[in-house]
$ cat run_3.cif   # mmCIF, C-alpha atoms and all ligand atoms
data_model
loop_
_atom_site.label_atom_id
_atom_site.label_comp_id
_atom_site.auth_asym_id
_atom_site.auth_seq_id
_atom_site.Cartn_x
_atom_site.Cartn_y
_atom_site.Cartn_z
CA MET Z 1 23.24 -8.21 -32.89
CA PRO Z 2 25.30 -10.06 -30.25
CA ASN Z 3 26.52 -7.93 -27.38
CA GLN Z 4 30.22 -8.15 -26.53
CA THR Z 5 30.19 -7.81 -22.75
CA HIS Z 6 27.29 -10.17 -21.88
CA SER Z 7 26.81 -8.36 -18.58
CA LEU Z 8 23.23 -8.35 -17.31
CA LYS Z 9 23.82 -5.53 -14.82
CA SER Z 10 22.00 -2.92 -16.90
CA LEU Z 11 19.32 -5.45 -17.84
CA ASN Z 12 17.99 -5.98 -14.32
CA THR Z 13 16.75 -3.21 -12.04
CA PHE Z 14 18.27 -4.95 -8.99
CA HIS Z 15 21.58 -4.20 -10.79
CA LEU Z 16 22.91 -7.62 -9.88
CA ASP Z 17 26.23 -8.44 -11.43
CA ALA Z 18 25.25 -11.54 -13.42
CA VAL Z 19 26.34 -12.42 -16.95
CA ALA Z 20 24.74 -14.40 -19.78
CA ARG Z 21 26.49 -16.57 -22.34
CA SER Z 22 25.17 -14.23 -25.02
CA ILE Z 23 22.81 -11.30 -25.35
CA VAL Z 24 20.79 -10.54 -28.48
CA VAL Z 25 18.92 -7.26 -28.84
CA ALA Z 26 15.92 -8.02 -31.09
CA LYS Z 27 14.31 -5.13 -32.93
CA GLY Z 28 11.97 -7.38 -34.86
CA ALA Z 29 10.30 -10.79 -34.79
CA ASP Z 30 12.82 -12.24 -37.27
CA GLU Z 31 15.75 -11.52 -34.94
CA MET Z 32 13.89 -13.10 -32.03
CA ILE Z 33 13.09 -16.22 -34.04
CA ALA Z 34 16.69 -16.55 -35.31
CA ALA Z 35 18.18 -16.20 -31.81
CA TRP Z 36 15.67 -18.60 -30.30
CA GLN Z 37 16.13 -21.24 -33.01
CA LEU Z 38 19.94 -21.03 -32.77
CA SER Z 39 19.70 -21.63 -29.01
CA GLN Z 40 17.43 -24.61 -29.60
CA ARG Z 41 19.95 -26.14 -32.01
CA GLN Z 42 22.73 -25.56 -29.48
CA GLN Z 43 20.48 -26.94 -26.74
CA GLU Z 44 21.01 -23.85 -24.64
CA PRO Z 45 18.41 -22.08 -22.50
CA VAL Z 46 16.81 -18.81 -23.64
CA LEU Z 47 15.41 -15.95 -21.58
CA LEU Z 48 13.29 -13.12 -22.96
CA VAL Z 49 13.91 -9.82 -21.20
CA GLY Z 50 12.21 -6.44 -21.39
CA GLU Z 51 13.85 -4.11 -18.89
CA GLY Z 52 14.47 -6.68 -16.15
CA SER Z 53 12.29 -4.86 -13.62
CA ASN Z 54 10.63 -8.04 -12.44
CA LEU Z 55 13.65 -10.34 -12.46
CA LEU Z 56 16.05 -11.72 -9.87
CA PHE Z 57 19.17 -13.33 -11.32
CA LEU Z 58 20.22 -15.99 -8.81
CA GLU Z 59 23.46 -16.72 -10.67
CA ASP Z 60 24.99 -16.36 -14.14
CA PHE Z 61 22.66 -17.38 -16.94
CA GLN Z 62 24.08 -20.20 -19.05
CA GLY Z 63 22.30 -19.29 -22.25
CA THR Z 64 21.05 -16.51 -24.50
CA VAL Z 65 19.14 -13.49 -23.27
CA ILE Z 66 16.90 -12.04 -25.97
CA VAL Z 67 16.16 -8.38 -25.26
CA ASN Z 68 12.86 -7.29 -26.75
CA ARG Z 69 13.19 -3.91 -28.47
CA ILE Z 70 10.36 -4.13 -31.01
CA LYS Z 71 9.15 -0.54 -31.36
CA GLY Z 72 6.26 1.35 -32.90
CA ILE Z 73 2.95 2.89 -31.84
CA GLU Z 74 -0.12 3.11 -34.10
CA THR Z 75 -3.21 5.05 -33.07
CA ASN Z 76 -6.74 4.60 -34.40
CA GLU Z 77 -10.14 5.69 -33.22
CA SER Z 78 -13.82 4.94 -33.51
CA GLU Z 79 -16.70 7.07 -32.34
CA SER Z 80 -16.44 5.65 -28.85
CA SER Z 81 -12.81 4.59 -28.34
CA TRP Z 82 -9.14 5.09 -29.01
CA TYR Z 83 -7.11 2.10 -30.16
CA LEU Z 84 -3.36 1.79 -29.66
CA HIS Z 85 -1.27 -0.94 -31.29
CA VAL Z 86 2.08 -0.89 -29.51
CA GLY Z 87 5.34 -2.72 -30.21
CA ALA Z 88 6.28 -4.91 -27.25
CA GLY Z 89 9.66 -3.19 -26.77
CA GLU Z 90 8.22 0.29 -26.14
CA ASN Z 91 8.74 1.61 -22.63
CA TRP Z 92 5.48 1.47 -20.63
CA HIS Z 93 5.78 4.85 -18.88
CA GLU Z 94 6.70 6.60 -22.14
CA LEU Z 95 3.56 5.10 -23.68
CA VAL Z 96 1.46 6.51 -20.84
CA GLN Z 97 2.98 9.96 -21.46
CA TYR Z 98 2.59 9.62 -25.23
CA ALA Z 99 -1.12 8.78 -24.88
CA LEU Z 100 -1.70 11.64 -22.47
CA ASN Z 101 0.04 14.11 -24.79
CA LYS Z 102 -2.19 12.96 -27.64
CA GLY Z 103 -5.26 13.61 -25.48
CA ILE Z 104 -5.91 9.89 -24.94
CA PRO Z 105 -6.70 9.29 -21.27
CA GLY Z 106 -7.09 6.01 -19.38
CA LEU Z 107 -3.51 4.94 -18.66
CA GLU Z 108 -2.64 7.68 -16.14
CA ASN Z 109 -3.06 5.48 -13.02
CA LEU Z 110 -0.40 3.14 -14.44
CA ALA Z 111 2.23 5.89 -14.80
CA MET Z 112 5.81 5.18 -13.74
CA ILE Z 113 5.53 1.39 -13.76
CA PRO Z 114 8.93 0.33 -15.09
CA GLY Z 115 9.33 -2.11 -17.94
CA CYS Z 116 8.24 -2.75 -21.50
CA VAL Z 117 4.75 -2.73 -22.95
CA GLY Z 118 5.15 -6.39 -23.97
CA SER Z 119 5.82 -7.43 -20.38
CA ALA Z 120 2.76 -5.62 -19.02
CA PRO Z 121 0.22 -8.36 -19.83
CA ILE Z 122 2.38 -11.10 -18.32
CA GLN Z 123 1.68 -10.20 -14.73
CA ASN Z 124 -1.27 -7.95 -15.60
CA ILE Z 125 0.46 -4.86 -14.18
CA GLY Z 126 -1.64 -2.81 -11.85
CA ALA Z 127 -1.56 0.25 -9.62
CA TYR Z 128 -3.95 2.72 -8.01
CA GLY Z 129 -7.12 0.82 -8.89
CA VAL Z 130 -6.37 0.07 -12.55
CA GLU Z 131 -4.92 -3.10 -14.09
CA LEU Z 132 -3.73 -3.77 -17.62
CA LYS Z 133 -6.76 -6.03 -18.13
CA ASP Z 134 -9.00 -2.94 -17.89
CA VAL Z 135 -7.43 -1.40 -21.01
CA CYS Z 136 -6.17 -4.45 -22.93
CA HIS Z 137 -7.80 -5.19 -26.28
CA TYR Z 138 -5.51 -7.98 -27.48
CA VAL Z 139 -2.00 -9.42 -27.25
CA ASP Z 140 0.01 -10.55 -30.30
CA LEU Z 141 2.01 -13.65 -29.48
CA LEU Z 142 4.81 -15.05 -31.63
CA ASN Z 143 5.38 -18.80 -31.70
CA LEU Z 144 9.19 -18.89 -31.83
CA ALA Z 145 9.27 -22.44 -33.21
CA ASP Z 146 7.16 -21.88 -36.34
CA GLY Z 147 7.24 -18.07 -36.67
CA GLU Z 148 3.45 -17.75 -36.61
CA THR Z 149 1.83 -14.87 -34.70
CA ILE Z 150 -1.53 -15.37 -33.04
CA ARG Z 151 -3.77 -12.68 -31.61
CA LEU Z 152 -5.34 -13.37 -28.20
CA THR Z 153 -8.27 -11.26 -27.09
CA ALA Z 154 -8.14 -9.84 -23.57
CA ALA Z 155 -10.65 -12.48 -22.46
CA GLN Z 156 -8.41 -15.25 -23.81
CA CYS Z 157 -5.43 -13.93 -21.81
CA GLN Z 158 -7.06 -15.12 -18.55
CA PHE Z 159 -5.89 -12.11 -16.57
CA GLY Z 160 -5.89 -12.41 -12.79
CA TYR Z 161 -4.12 -10.69 -9.91
CA ARG Z 162 -0.51 -10.46 -11.15
CA ASP Z 163 -1.32 -13.39 -13.40
CA SER Z 164 -2.20 -14.37 -16.97
CA LEU Z 165 -1.96 -17.24 -19.42
CA PHE Z 166 1.54 -15.98 -20.34
CA LYS Z 167 2.85 -17.25 -16.98
CA HIS Z 168 1.43 -20.70 -17.68
CA HIS Z 169 0.40 -22.12 -21.05
CA TYR Z 170 2.46 -19.68 -23.16
CA GLN Z 171 5.46 -19.36 -20.87
CA LYS Z 172 8.00 -21.18 -23.04
CA GLY Z 173 8.63 -20.84 -26.75
CA TYR Z 174 6.48 -17.74 -27.21
CA ALA Z 175 7.19 -14.01 -27.25
CA ILE Z 176 4.75 -11.16 -26.94
CA VAL Z 177 5.46 -8.89 -29.92
CA ALA Z 178 2.68 -6.29 -29.66
CA VAL Z 179 -0.13 -5.23 -27.36
CA GLY Z 180 -3.44 -3.65 -28.39
CA LEU Z 181 -5.07 -1.22 -25.98
CA VAL Z 182 -8.60 0.18 -26.10
CA LEU Z 183 -9.39 3.38 -24.25
CA SER Z 184 -12.91 4.73 -23.99
CA LYS Z 185 -13.57 8.29 -25.13
CA ARG Z 186 -15.96 8.55 -22.18
CA TRP Z 187 -13.18 8.85 -19.62
CA VAL Z 188 -14.04 7.82 -16.07
CA PRO Z 189 -11.36 8.81 -13.54
CA VAL Z 190 -10.31 6.17 -11.02
CA MET Z 191 -9.60 7.99 -7.76
CA THR Z 192 -9.88 5.36 -5.06
CA TYR Z 193 -6.35 5.41 -3.62
CA GLY Z 194 -4.09 7.76 -1.66
CA GLU Z 195 -3.76 11.34 -2.90
CA LEU Z 196 -6.20 10.58 -5.72
CA THR Z 197 -9.08 10.55 -3.23
CA LYS Z 198 -8.36 14.22 -2.50
CA LEU Z 199 -8.81 15.41 -6.09
CA ALA Z 200 -12.12 17.04 -7.06
CA PRO Z 201 -14.14 14.47 -9.06
CA GLU Z 202 -16.08 17.13 -11.05
CA THR Z 203 -13.03 18.96 -12.39
CA VAL Z 204 -10.22 16.39 -12.26
CA THR Z 205 -8.14 15.93 -15.44
CA PRO Z 206 -6.11 12.91 -16.61
CA GLN Z 207 -2.97 15.06 -16.24
CA GLN Z 208 -3.77 15.74 -12.56
CA ILE Z 209 -4.13 12.01 -11.91
CA PHE Z 210 -0.90 11.34 -13.78
CA ASP Z 211 0.92 14.02 -11.72
CA ALA Z 212 -0.50 12.72 -8.43
CA VAL Z 213 0.45 9.11 -9.28
CA CYS Z 214 4.00 10.21 -10.23
CA HIS Z 215 4.26 12.22 -7.02
CA MET Z 216 3.08 9.32 -4.81
CA ARG Z 217 5.32 6.80 -6.52
CA GLY Z 218 8.32 9.15 -6.47
CA SER Z 219 7.95 9.79 -2.76
CA LYS Z 220 7.26 6.20 -1.71
CA LEU Z 221 9.27 3.92 -3.96
CA PRO Z 222 13.05 3.84 -4.35
CA ASP Z 223 14.16 4.84 -7.85
CA PRO Z 224 15.82 1.75 -9.39
CA ALA Z 225 18.27 4.04 -11.21
CA LYS Z 226 19.66 4.96 -7.77
CA VAL Z 227 18.88 1.96 -5.55
CA GLY Z 228 18.56 -1.47 -7.15
CA ASN Z 229 15.14 -3.05 -6.62
CA ALA Z 230 12.33 -4.80 -8.48
CA GLY Z 231 9.34 -3.00 -6.96
CA SER Z 232 7.02 -5.09 -4.80
CA PHE Z 233 9.01 -8.20 -4.04
CA PHE Z 234 6.03 -10.21 -2.76
CA LYS Z 235 2.44 -10.50 -3.94
CA ASN Z 236 -0.30 -9.34 -1.62
CA PRO Z 237 -1.51 -12.63 -0.10
CA ILE Z 238 -5.11 -13.73 -0.51
CA VAL Z 239 -6.58 -15.60 2.46
CA SER Z 240 -9.94 -16.98 3.54
CA ASP Z 241 -12.45 -14.63 5.21
CA LYS Z 242 -12.03 -16.71 8.38
CA GLN Z 243 -8.28 -16.18 8.53
CA ALA Z 244 -8.69 -12.47 7.72
CA ALA Z 245 -11.22 -12.11 10.55
CA SER Z 246 -8.83 -13.72 13.01
CA ILE Z 247 -6.01 -11.35 11.93
CA ALA Z 248 -8.38 -8.35 12.23
CA GLU Z 249 -9.30 -9.43 15.75
CA SER Z 250 -5.67 -9.25 16.91
CA TYR Z 251 -4.76 -6.28 14.65
CA PRO Z 252 -7.76 -3.99 14.09
CA ASP Z 253 -5.64 -1.69 11.87
CA ALA Z 254 -4.77 -4.49 9.42
CA PRO Z 255 -5.67 -3.40 5.85
CA LEU Z 256 -8.12 -5.94 4.38
CA TYR Z 257 -9.51 -5.91 0.85
CA ALA Z 258 -12.57 -8.11 0.29
CA GLN Z 259 -12.46 -9.97 -3.03
CA PRO Z 260 -15.48 -10.75 -5.23
CA ASP Z 261 -15.19 -14.49 -4.45
CA GLY Z 262 -15.38 -13.94 -0.68
CA SER Z 263 -11.64 -14.26 -0.03
CA VAL Z 264 -9.64 -11.34 1.41
CA LYS Z 265 -6.48 -9.69 0.12
CA LEU Z 266 -3.95 -8.59 2.76
CA ALA Z 267 -1.23 -5.96 2.33
CA ALA Z 268 2.11 -7.78 2.25
CA GLY Z 269 3.97 -4.55 3.09
CA TRP Z 270 1.89 -4.10 6.25
CA LEU Z 271 2.57 -7.70 7.35
CA ILE Z 272 6.33 -7.24 6.84
CA ASP Z 273 6.30 -3.88 8.62
CA ARG Z 274 4.46 -5.46 11.57
CA CYS Z 275 7.37 -7.88 11.94
CA ASP Z 276 9.64 -4.82 12.41
CA LEU Z 277 11.63 -5.66 9.34
CA LYS Z 278 12.02 -2.21 7.75
CA GLY Z 279 15.74 -1.64 7.26
CA TYR Z 280 16.58 -5.26 8.16
CA SER Z 281 19.50 -6.46 6.06
CA ILE Z 282 21.40 -9.59 5.12
CA GLY Z 283 24.68 -9.19 3.23
CA GLY Z 284 24.18 -6.38 0.72
CA ALA Z 285 20.38 -6.79 0.62
CA ALA Z 286 17.91 -4.90 2.78
CA VAL Z 287 14.21 -4.30 3.37
CA HIS Z 288 13.57 -0.72 2.22
CA LEU Z 289 13.21 1.73 5.11
CA GLN Z 290 10.07 3.47 3.80
CA GLN Z 291 8.35 0.69 1.87
CA ALA Z 292 8.62 -2.76 3.51
CA LEU Z 293 7.37 -4.58 0.42
CA VAL Z 294 10.46 -3.56 -1.52
CA LEU Z 295 13.74 -5.43 -1.09
CA ILE Z 296 16.74 -3.41 -2.21
CA ASN Z 297 20.29 -3.96 -3.37
CA LYS Z 298 21.79 -1.77 -0.66
CA GLU Z 299 25.43 -2.53 -1.28
CA ASN Z 300 26.79 -4.93 -3.87
CA ALA Z 301 24.15 -7.54 -3.05
CA THR Z 302 24.26 -10.92 -4.73
CA GLY Z 303 21.23 -12.92 -5.82
CA ARG Z 304 21.98 -15.14 -2.84
CA ASP Z 305 21.74 -12.18 -0.41
CA ILE Z 306 18.31 -11.26 -1.78
CA VAL Z 307 17.16 -14.89 -1.52
CA ALA Z 308 18.40 -15.14 2.10
CA LEU Z 309 16.57 -11.92 2.97
CA ALA Z 310 13.37 -13.01 1.21
CA HIS Z 311 13.54 -16.34 3.08
CA GLU Z 312 13.87 -14.54 6.42
CA VAL Z 313 11.01 -12.16 5.64
CA ARG Z 314 8.76 -15.06 4.62
CA GLN Z 315 9.62 -17.02 7.77
CA ARG Z 316 9.02 -14.07 10.11
CA VAL Z 317 5.68 -13.17 8.53
CA GLY Z 318 4.68 -16.85 8.44
CA ALA Z 319 5.57 -17.35 12.11
CA LYS Z 320 3.63 -14.25 13.24
CA PHE Z 321 0.54 -14.39 11.01
CA ASN Z 322 0.52 -17.90 9.54
CA VAL Z 323 0.49 -16.20 6.14
CA TRP Z 324 3.14 -17.42 3.69
CA LEU Z 325 4.30 -14.76 1.27
CA GLU Z 326 5.00 -15.62 -2.36
CA PRO Z 327 7.37 -13.59 -4.56
CA GLU Z 328 5.96 -11.46 -7.35
CA VAL Z 329 9.48 -11.23 -8.80
CA ARG Z 330 10.56 -13.99 -11.23
CA PHE Z 331 13.66 -15.96 -10.16
CA ILE Z 332 16.16 -16.86 -12.89
CA GLY Z 333 18.76 -19.58 -12.37
CA ALA Z 334 21.57 -20.77 -14.66
CA GLN Z 335 19.18 -22.76 -16.86
CA GLY Z 336 16.07 -20.60 -16.69
CA GLU Z 337 13.22 -19.69 -14.41
CA LYS Z 338 12.99 -21.40 -11.02
CA ASP Z 339 10.04 -21.87 -8.69
CA ALA Z 340 10.48 -18.74 -6.54
CA VAL Z 341 8.49 -20.09 -3.59
CA GLY Z 342 10.59 -23.26 -3.61
CA VAL Z 343 13.80 -21.21 -3.62
CA ILE Z 344 12.90 -19.09 -0.57
CA ALA Z 345 10.90 -21.69 1.39
C1 LIG X 1 10.35 0.45 -8.86
C2 LIG X 1 9.40 -0.57 -9.43
C3 LIG X 1 8.04 -0.38 -9.29
C4 LIG X 1 7.13 -1.32 -9.81
N1 LIG X 1 5.80 -1.09 -9.65
C5 LIG X 1 4.90 -1.96 -10.16
C6 LIG X 1 3.49 -1.71 -10.03
O1 LIG X 1 3.06 -0.70 -9.48
N2 LIG X 1 2.64 -2.63 -10.55
C7 LIG X 1 3.07 -3.75 -11.19
O2 LIG X 1 2.24 -4.54 -11.64
N3 LIG X 1 4.40 -4.01 -11.33
C8 LIG X 1 5.32 -3.15 -10.84
N4 LIG X 1 6.66 -3.39 -10.98
C9 LIG X 1 7.12 -4.62 -11.67
C10 LIG X 1 7.48 -4.41 -13.16
O3 LIG X 1 7.47 -3.05 -13.48
C11 LIG X 1 6.50 -5.14 -14.08
O4 LIG X 1 6.46 -6.51 -13.78
C12 LIG X 1 6.87 -4.96 -15.56
O5 LIG X 1 5.78 -5.33 -16.39
C13 LIG X 1 8.11 -5.76 -15.95
O6 LIG X 1 8.51 -5.33 -17.23
P1 LIG X 1 9.96 -5.68 -17.79
O7 LIG X 1 9.97 -5.28 -19.23
O8 LIG X 1 11.00 -5.09 -16.95
O9 LIG X 1 9.95 -7.26 -17.69
P2 LIG X 1 11.17 -8.23 -17.32
O10 LIG X 1 11.47 -8.10 -15.87
O11 LIG X 1 12.29 -8.02 -18.28
O12 LIG X 1 10.50 -9.65 -17.59
C14 LIG X 1 9.45 -10.11 -16.78
C15 LIG X 1 9.02 -11.51 -17.28
O13 LIG X 1 8.46 -11.41 -18.57
C16 LIG X 1 9.17 -12.23 -19.50
N5 LIG X 1 9.20 -11.47 -20.76
C17 LIG X 1 9.76 -10.25 -20.97
N6 LIG X 1 9.50 -9.82 -22.20
C18 LIG X 1 8.74 -10.77 -22.82
C19 LIG X 1 8.13 -10.90 -24.12
N7 LIG X 1 8.24 -9.95 -25.04
N8 LIG X 1 7.42 -12.02 -24.37
C20 LIG X 1 7.28 -12.99 -23.44
N9 LIG X 1 7.84 -12.93 -22.20
C21 LIG X 1 8.56 -11.83 -21.90
C22 LIG X 1 10.53 -12.43 -18.87
O14 LIG X 1 11.14 -13.63 -19.32
C23 LIG X 1 10.18 -12.49 -17.39
O15 LIG X 1 9.71 -13.76 -17.03
C24 LIG X 1 7.61 -2.47 -10.48
C25 LIG X 1 9.01 -2.65 -10.63
C26 LIG X 1 9.88 -1.71 -10.13
C27 LIG X 1 11.37 -1.91 -10.33
#
$ encode --input "run_3.cif" --output "structure tokens"
Amino acid sequence: MPNQTHSLKSLNTFHLDAVARSIVVAKGADEMIAAWQLSQRQQEPVLLVGEGSNLLFLEDFQGTVIVNRIKGIETNESESSWYLHVGAGENWHELVQYALNKGIPGLENLAMIPGCVGSAPIQNIGAYGVELKDVCHYVDLLNLADGETIRLTAAQCQFGYRDSLFKHHYQKGYAIVAVGLVLSKRWVPVMTYGELTKLAPETVTPQQIFDAVCHMRGSKLPDPAKVGNAGSFFKNPIVSDKQAASIAESYPDAPLYAQPDGSVKLAAGWLIDRCDLKGYSIGGAAVHLQQALVLINKENATGRDIVALAHEVRQRVGAKFNVWLEPEVRFIGAQGEKDAVGVIA
């Protein structure tokens, strides 16, 4: 049903004060299709939103925001695996808790990632050594023009680092309506990062990993309910082994992660920190004091403040390391998504 206020403030975790022409909360595919088709007839832009934890509103949105609230969780099992079929509008962290409470492990490393289940495949959410692609069975995708739903297997989703087919081929005119997860009954803990490395591999439980992940995230990342932010603002850049070697020569403490194809992933937060940008602010926007990869809405920031800050961060890192950061956050203009790199370049 149409929302009266049209404010997007509670629909983006930056808490930017943008408005949309209309907001439709869709609890089912039919409502999504109706809202999308009406917008098409009126030749107005449409934006699908989960919880707005990966969005930056640059200005007011001159169209309809469709908020995905399709709910429902079904659980099945075989001898070897658990299967979850989850409505796209379920909250991701609540799903992780739900699974854990049912004795279904495998999602614990992905605890406390904000947003909806249906948004998780889009950038292949990941944390602490696990990515959505590791647990994804299929994604149900609704064609908003003809109302047909197709099921894509995980392999068909073309998952990559913060990437999938949903950012490319299926970006417009499609909505994710459900996600299927498959979790092995032979649980293998992933304990490669931070406090997880200190847990005892022989006795560790999924609950202990969940608690440790929640503790690390709670102590490192600003809570969007208190300080507006969209998590990691930039992607970790991937460079050639040659460029990584030259950075390591000047900065032996630079974190480097070798990739299977020979390239090397750098830590964007480390690069920003090395430019002494923690706490740096422009207008109401600032680089978070503890976690340089996170840009925050410190005080009544506008989308323009965040863009100006992101531009400055990119320039400083580029000038020092010849590495050009790209936003992980999606930029939304008056008519729809904009090329984020182009906006901050
Ligand atoms: C504090 C914080 C910490 C974070 N930590 C992590 C982390 O550790 N790892 C990580 O990977 N991410 C992280 N993120 C980013 C964010 O949680 C994820 O990108 C999440 O999946 C976004 O979900 P959302 O529902 O809020 O999506 P939104 O921000 O609402 O939307 C994201 C994109 O998906 C599109 N979209 C939304 N719903 C649908 C749908 N049903 N069908 C088709 N398209 C749709 C939107 O149009 C938009 O382009 C963090 C964010 C915050 C604020």
$ closest_residue --input "run_3.cif" --among "Z:Asp134, Z:Glu51, Z:Asp140, Z:Glu77" --to "ligand LIG 1 (chain X)" --atoms "all atoms listed in the file"
Z:Glu51
$ atom_distance --input "run_3.cif" --atom1 "CA of Pro252 (chain Z)" --atom2 "CA of Gln290 (chain Z)"
21.9 Å
$ residues_around --input "run_3.cif" --residues "Gly279 (chain Z)" --least-positions-apart "6" --cutoff "7 Å" --atoms "only C-alpha atoms" --output "list in words"
Ala286, Val287, His288 and Leu289 of chain Z
$ residues_around --input "run_3.cif" --residues "region 88-90 of chain Z" --least-positions-apart "3" --cutoff "6 Å" --atoms "all atoms listed in the file" --output "ChimeraX atom specification"
/Z:68-71,116-118,177-178
$ closest_residue --input "run_3.cif" --among "Z:Glu249, Z:Asp163, Z:Glu195, Z:Glu148" --to "ligand LIG 1 (chain X)" --atoms "all atoms listed in the file"
Z:Asp163
$ closest_residue --input "run_3.cif" --among "Z:Ser250, Z:Gln291, Z:Gln42, Z:Ser7" --to "Leu277 (chain Z)" --atoms "only C-alpha atoms"
Z:Gln291
$ residues_near_ligand --input "run_3.cif" --ligand "ligand LIG 1 (chain X)" --cutoff "6 Å" --atoms "only C-alpha atoms and all ligand atoms" --output "mmCIF file with C-alpha atoms, keeping the file's coordinate frame"
data_model
loop_
_atom_site.group_PDB
_atom_site.id
_atom_site.type_symbol
_atom_site.label_atom_id
_atom_site.label_comp_id
_atom_site.auth_asym_id
_atom_site.auth_seq_id
_atom_site.Cartn_x
_atom_site.Cartn_y
_atom_site.Cartn_z
ATOM 1 C CA THR Z 13 16.750 -3.210 -12.040
ATOM 2 C CA LEU Z 47 15.410 -15.950 -21.580
ATOM 3 C CA LEU Z 48 13.290 -13.120 -22.960
ATOM 4 C CA VAL Z 49 13.910 -9.820 -21.200
ATOM 5 C CA GLY Z 50 12.210 -6.440 -21.390
ATOM 6 C CA GLU Z 51 13.850 -4.110 -18.890
ATOM 7 C CA GLY Z 52 14.470 -6.680 -16.150
ATOM 8 C CA SER Z 53 12.290 -4.860 -13.620
ATOM 9 C CA ASN Z 54 10.630 -8.040 -12.440
ATOM 10 C CA LEU Z 55 13.650 -10.340 -12.460
ATOM 11 C CA ASN Z 68 12.860 -7.290 -26.750
ATOM 12 C CA ALA Z 88 6.280 -4.910 -27.250
ATOM 13 C CA ILE Z 113 5.530 1.390 -13.760
ATOM 14 C CA PRO Z 114 8.930 0.330 -15.090
ATOM 15 C CA GLY Z 115 9.330 -2.110 -17.940
ATOM 16 C CA CYS Z 116 8.240 -2.750 -21.500
ATOM 17 C CA GLY Z 118 5.150 -6.390 -23.970
ATOM 18 C CA SER Z 119 5.820 -7.430 -20.380
ATOM 19 C CA ALA Z 120 2.760 -5.620 -19.020
ATOM 20 C CA ILE Z 125 0.460 -4.860 -14.180
ATOM 21 C CA GLY Z 126 -1.640 -2.810 -11.850
ATOM 22 C CA ALA Z 127 -1.560 0.250 -9.620
ATOM 23 C CA ALA Z 175 7.190 -14.010 -27.250
ATOM 24 C CA ILE Z 176 4.750 -11.160 -26.940
ATOM 25 C CA VAL Z 177 5.460 -8.890 -29.920
ATOM 26 C CA ASP Z 223 14.160 4.840 -7.850
ATOM 27 C CA PRO Z 224 15.820 1.750 -9.390
ATOM 28 C CA ASN Z 229 15.140 -3.050 -6.620
ATOM 29 C CA ALA Z 230 12.330 -4.800 -8.480
ATOM 30 C CA GLY Z 231 9.340 -3.000 -6.960
ATOM 31 C CA ARG Z 330 10.560 -13.990 -11.230
#
$ residues_around --input "run_3.cif" --residues "Ala292 (chain Z)" --least-positions-apart "6" --cutoff "12 Å" --atoms "only C-alpha atoms" --output "PDB file with C-alpha atoms, in the coordinates of the input"
ATOM      1  CA  LYS Z 220       7.260   6.200  -1.710  1.00  0.00           C
ATOM      2  CA  LEU Z 221       9.270   3.920  -3.960  1.00  0.00           C
ATOM      3  CA  PRO Z 222      13.050   3.840  -4.350  1.00  0.00           C
ATOM      4  CA  GLY Z 231       9.340  -3.000  -6.960  1.00  0.00           C
ATOM      5  CA  SER Z 232       7.020  -5.090  -4.800  1.00  0.00           C
ATOM      6  CA  PHE Z 233       9.010  -8.200  -4.040  1.00  0.00           C
ATOM      7  CA  PHE Z 234       6.030 -10.210  -2.760  1.00  0.00           C
ATOM      8  CA  ALA Z 267      -1.230  -5.960   2.330  1.00  0.00           C
ATOM      9  CA  ALA Z 268       2.110  -7.780   2.250  1.00  0.00           C
ATOM     10  CA  GLY Z 269       3.970  -4.550   3.090  1.00  0.00           C
ATOM     11  CA  TRP Z 270       1.890  -4.100   6.250  1.00  0.00           C
ATOM     12  CA  LEU Z 271       2.570  -7.700   7.350  1.00  0.00           C
ATOM     13  CA  ILE Z 272       6.330  -7.240   6.840  1.00  0.00           C
ATOM     14  CA  ASP Z 273       6.300  -3.880   8.620  1.00  0.00           C
ATOM     15  CA  ARG Z 274       4.460  -5.460  11.570  1.00  0.00           C
ATOM     16  CA  CYS Z 275       7.370  -7.880  11.940  1.00  0.00           C
ATOM     17  CA  ASP Z 276       9.640  -4.820  12.410  1.00  0.00           C
ATOM     18  CA  LEU Z 277      11.630  -5.660   9.340  1.00  0.00           C
ATOM     19  CA  LYS Z 278      12.020  -2.210   7.750  1.00  0.00           C
ATOM     20  CA  GLY Z 279      15.740  -1.640   7.260  1.00  0.00           C
ATOM     21  CA  TYR Z 280      16.580  -5.260   8.160  1.00  0.00           C
ATOM     22  CA  SER Z 281      19.500  -6.460   6.060  1.00  0.00           C
ATOM     23  CA  ALA Z 286      17.910  -4.900   2.780  1.00  0.00           C
ATOM     24  CA  ALA Z 310      13.370 -13.010   1.210  1.00  0.00           C
ATOM     25  CA  VAL Z 313      11.010 -12.160   5.640  1.00  0.00           C
ATOM     26  CA  VAL Z 317       5.680 -13.170   8.530  1.00  0.00           C
TER      27      VAL Z 317
END
$ atom_distance --input "run_3.cif" --atom1 "CA of Glu337 (chain Z)" --atom2 "CA of Arg304 (chain Z)"
15.2 Å
$ atom_distance --input "run_3.cif" --atom1 "CA of Ala345 (chain Z)" --atom2 "CA of Ser240 (chain Z)"
21.5 Å
$ closest_residue --input "run_3.cif" --among "Z:Gly318, Z:Gly87, Z:Gly63, Z:Pro121" --to "Leu165 (chain Z)" --atoms "all atoms listed in the file"
Z:Pro121
$ closest_residue --input "run_3.cif" --among "Z:Ile66, Z:Ala285, Z:Val190, Z:Leu56" --to "Ala26 (chain Z)" --atoms "only C-alpha atoms"
Z:Ile66
$ closest_atom_pairs --input "run_3.cif" --of "region 171-246 of chain Z" --to "region 94-98 of chain Z" --cutoff "12 Å" --atoms "only C-alpha atoms" --output "CSV"
residue,atom,partner,partner_atom,distance
Z:Val179,CA,Z:Leu95,CA,11.6
Z:Leu181,CA,Z:Leu95,CA,10.9
Z:Leu183,CA,Z:Val96,CA,11.8
Z:Pro206,CA,Z:Gln97,CA,10.7
Z:Gln207,CA,Z:Gln97,CA,9.4
Z:Ile209,CA,Z:Val96,CA,11.9
Z:Phe210,CA,Z:Gln97,CA,8.7
Z:Asp211,CA,Z:Gln97,CA,10.8
Z:Val213,CA,Z:Val96,CA,11.9
Z:Cys214,CA,Z:Gln97,CA,11.3
